Amino acid sequence: MTETLSITEPAAAGARSGYLPIAEHGVIGDLRTVALVGSDGTIDWYCPGRFDAPSVFGALLDKEKGGRYAIAPAREGWTSQQFYFPETNVLITRFLTGDGVAEVIDFMPVMQPGDDGDGRLVRTVLSIKGEMPFRIWVEPAFDYARGSHDTHLTEHGALFRSSGLSLGLSSPVPLESRNGGVAAEFTVKEGERVSFVLESADEAGPRPYSEQETRRLFVETTSFWGNWIGRSRYRGRWREMVDRSALTLKLLTYQPTGAIVAAATTSLPEQLGGERNWDYRFTWIRDASFSIYALLRLGFTEEAAAFMSWLHDRFRERKGNGTDPLQIMYGIDGRADLTEETLDHLEGYRGSAPVRIGNGAAEQRQLDIYGELIDSVYLYNKYGEPISHDTWLNLCDVVDWVADNWDLTDEGVWETRGGQQKFTYSRLMTWVAVERAIRIARQRGLPADLVKWMGVRDDIYRQIMQRGWHAKRAAFVQHYETDVLDASVLLMPLVKFVGPTDPRWLSTLDRITEELVSDSLVYRYNAAASPDGLEGDEGTFSICSFWYVEALARAGRLDEARLAFEKMLTYANHLGLYSEEIGPTGEQLGNFPQAFTHLALISAATNLDRQLG
């Protein structure tokens, strides 16, 4: 039987003197939301029910106020390791001491359509060798630590009740109330399992869970993920990393609508102590389209179909009267209002303020989204299912708008807050939008104003070649009024705008290598030379580093491409996960895990495999 111990260090049970590195986390989820689990056994990011719901555990953004859920050995001198149960999103944190080995198994049973509640978070403590005392400390902080709550001990655990949400913790060991949370100490002996389940609850509090039931949930969850990734068509050199990236993209999918979020977190900084902290828990047309491209490459057509359904609803709601037909991003439920606000009561990750929720960039114009969008529709029509008549009519409306408005200024792919320009990448992707629409019409024999579209396509091409090309720099540049380089143009050969061995492109690739690449890591642009309206610097952008790999491979520089790719793999964390950026000392920065990076890894791996033969 499990032995319960008295608690002698209540305040220290879950407290930490600082913040874990961003990379020292794994992620679990149920296709509606996720939780980040630190290598110390602490859940320090969790928003029940939805990716964009207010956090209940948010110690990642404020170690004192944010709230946490910790399970760890109740003694000093332990070390830990983290790994995923093979081919799943079930996370195992293994603790090693001089007296034994034990594991904390974390997972969220995948919610099915029609399921009620906000999901379940299951944590099982299992002794592998010997026996080990453990401490559990649950300290919720509802509504981003803005809300108050009551804590009630119940027959089967504890009830945390706030004005908008009540959570129940089912516990097989007696709990004690401590500082608005609960805590307990207990010992697990070799072969013993002790499971805790956190879920929404009513006034009756949590129900009991037997170890048999939690074991069944574990088997169902591992089976779901194993069956899903088993459908992948990728059998190349980097299967483990590609599979992990695919599993991560799937985790970032909101199953009720088919929307895909850009990342699981908000306000993790691009520069420690800086202001480049954004909320990425929304669906960017660009990011989601790239994600669909990556999943289609692996054979996952159901996810593409679900996103197409979500997209069809956005078409029906599109703006009229000459304004942009689509926003650059939406909520996972399709809502357009993503009002940005700051949470000034939170100090931010390692003091990186402000903490933001919502995203003001939703009001920007970014012309490139239409290229990424229509390219993904083209691929879905080719490798998934033929698009419907209504979808084609909606798409024609969008292409006609692009044909009339492609030469507008915009904020560009990097969402600069330094003013609109005529960005080369924006022009490039409007070319893609029109060119891919022409392909769909010709392949399917669909009605379209092809004469107009082909004329516009050619006008865009000529303008980029004349004004996006800087003769003195011998390179394609960021926008028409500058000589600054920008890594976004790495997509030129990838989207077949320019031949991968065209002299203009090879010269551009050389200039980017000289100015923006540091040992395989690629900066987006030089912020000092091209002010973006924000203070401070940033790290290298991981999606650009994988684009660079593809550009090298397509140019025939396979040895360089493979070396750059292998180096990028070393910057993943211990679980194969990436955030947005890599900092100056190799640390991961920005929101985590980030879809952009993982989809680019998949694309680079599949293309490099093909080039290597």
# chains A, B, ... in the order shown; residues from 1 in each chain; ligands from 1
call {"tool": "residues_around", "arguments": {"residues": "Lys496 in chain A", "least_positions_apart": "5", "cutoff": "12 Å", "atoms": "only C-alpha atoms", "output": "VMD selection string"}}
result
chain A and resid 375 428 to 429 431 to 432 435 to 436 461 489 to 491 501 to 502 505 551 554
call {"tool": "residues_around", "arguments": {"residues": "range 34-41 of chain A", "least_positions_apart": "4", "cutoff": "8 Å", "atoms": "only C-alpha atoms", "output": "PyMOL selection string"}}
result
chain A and resi 20+24-30+45-47+51+70-72+80-82+93+104+251+264
call {"tool": "select_by_dssp", "arguments": {"residues": "range 329-520 of chain A", "states": "helix (DSSP H, G or I)", "output": "PyMOL selection string"}}
result
chain A and resi 349-351+360-363+369-383+389-405+424-444+450-468+487-494+503-515
call {"tool": "closest_atom_pairs", "arguments": {"of": "range 117-217 of chain A", "to": "range 95-100 of chain A", "cutoff": "8 Å", "atoms": "only C-alpha atoms", "output": "JSON lines"}}
result
{"residue": "A:Ser127", "atom": "CA", "partner": "A:Gly100", "partner_atom": "CA", "distance": 7.9}
{"residue": "A:Ile128", "atom": "CA", "partner": "A:Gly100", "partner_atom": "CA", "distance": 7.4}
{"residue": "A:Lys129", "atom": "CA", "partner": "A:Gly100", "partner_atom": "CA", "distance": 4.9}
{"residue": "A:Gly130", "atom": "CA", "partner": "A:Gly100", "partner_atom": "CA", "distance": 4.5}
{"residue": "A:Glu131", "atom": "CA", "partner": "A:Gly100", "partner_atom": "CA", "distance": 5.9}
{"residue": "A:Met132", "atom": "CA", "partner": "A:Gly100", "partner_atom": "CA", "distance": 6.5}
call {"tool": "residues_around", "arguments": {"residues": "Lys472 in chain A", "least_positions_apart": "6", "cutoff": "12 Å", "atoms": "only C-alpha atoms", "output": "PyMOL selection string"}}
result
chain A and resi 482-484+507-508+511
call {"tool": "closest_atom_pairs", "arguments": {"of": "range 199-302 of chain A", "to": "range 364-368 of chain A", "cutoff": "12 Å", "atoms": "only C-alpha atoms", "output": "tab-separated table"}}
result
residue	atom	partner	partner_atom	distance
A:Trp284	CA	A:Gln366	CA	10.8
A:Ile285	CA	A:Asp368	CA	9.7
A:Arg286	CA	A:Asp368	CA	7.8
A:Asp287	CA	A:Asp368	CA	11.3
A:Ser289	CA	A:Asp368	CA	11.4
call {"tool": "closest_residue", "arguments": {"among": "A:Trp406, A:Trp401, A:Tyr349, A:Tyr425", "to": "Leu589 in chain A", "atoms": "only C-alpha atoms"}}
result
A:Tyr349
call {"tool": "residues_around", "arguments": {"residues": "Val517 in chain A", "least_positions_apart": "5", "cutoff": "9 Å", "atoms": "only C-alpha atoms", "output": "compact mmCIF listing (two decimals) with all heavy atoms, in the first residue's frame"}}
result
# COMPACT_ATOMS: atom_id res chain seq x y z
N ILE A 512 23.19 35.97 -48.68
CA ILE A 512 22.51 35.57 -47.43
C ILE A 512 23.45 34.76 -46.56
O ILE A 512 23.52 34.95 -45.33
CB ILE A 512 21.22 34.77 -47.76
CG1 ILE A 512 20.16 35.71 -48.32
CG2 ILE A 512 20.70 34.05 -46.51
CD1 ILE A 512 18.89 35.00 -48.78
N VAL A 522 20.10 31.01 -39.13
CA VAL A 522 19.80 32.11 -40.04
C VAL A 522 18.97 33.18 -39.33
O VAL A 522 17.93 32.88 -38.73
CB VAL A 522 19.03 31.59 -41.28
CG1 VAL A 522 18.74 32.73 -42.25
CG2 VAL A 522 19.83 30.51 -41.99
N TYR A 523 19.43 34.42 -39.42
CA TYR A 523 18.66 35.56 -38.93
C TYR A 523 17.64 35.98 -40.00
O TYR A 523 17.89 35.83 -41.19
CB TYR A 523 19.58 36.75 -38.65
CG TYR A 523 20.48 36.56 -37.45
CD1 TYR A 523 21.76 36.03 -37.60
CD2 TYR A 523 20.05 36.90 -36.17
CE1 TYR A 523 22.59 35.84 -36.51
CE2 TYR A 523 20.89 36.72 -35.07
CZ TYR A 523 22.16 36.19 -35.24
OH TYR A 523 22.97 36.00 -34.15
N THR A 540 18.28 33.84 -33.94
CA THR A 540 18.10 33.33 -35.30
C THR A 540 16.74 32.64 -35.39
O THR A 540 16.23 32.09 -34.41
CB THR A 540 19.20 32.33 -35.67
OG1 THR A 540 19.23 31.26 -34.71
CG2 THR A 540 20.55 33.04 -35.68
N SER A 545 16.27 28.82 -40.97
CA SER A 545 17.40 27.90 -41.03
C SER A 545 17.04 26.66 -41.84
O SER A 545 17.87 26.14 -42.60
CB SER A 545 17.84 27.51 -39.62
OG SER A 545 18.25 28.66 -38.89
N TYR A 548 16.86 27.56 -45.48
CA TYR A 548 18.23 27.65 -45.99
C TYR A 548 18.73 26.27 -46.41
O TYR A 548 19.37 26.12 -47.47
CB TYR A 548 19.12 28.25 -44.91
CG TYR A 548 20.58 28.41 -45.28
CD1 TYR A 548 20.97 29.24 -46.32
CD2 TYR A 548 21.56 27.75 -44.54
CE1 TYR A 548 22.31 29.41 -46.63
CE2 TYR A 548 22.91 27.92 -44.84
CZ TYR A 548 23.28 28.74 -45.90
OH TYR A 548 24.61 28.90 -46.20
call {"tool": "closest_residue", "arguments": {"among": "A:Gly274, A:Pro493, A:Gly539, A:Pro174", "to": "Pro354 in chain A", "atoms": "only C-alpha atoms"}}
result
A:Gly274
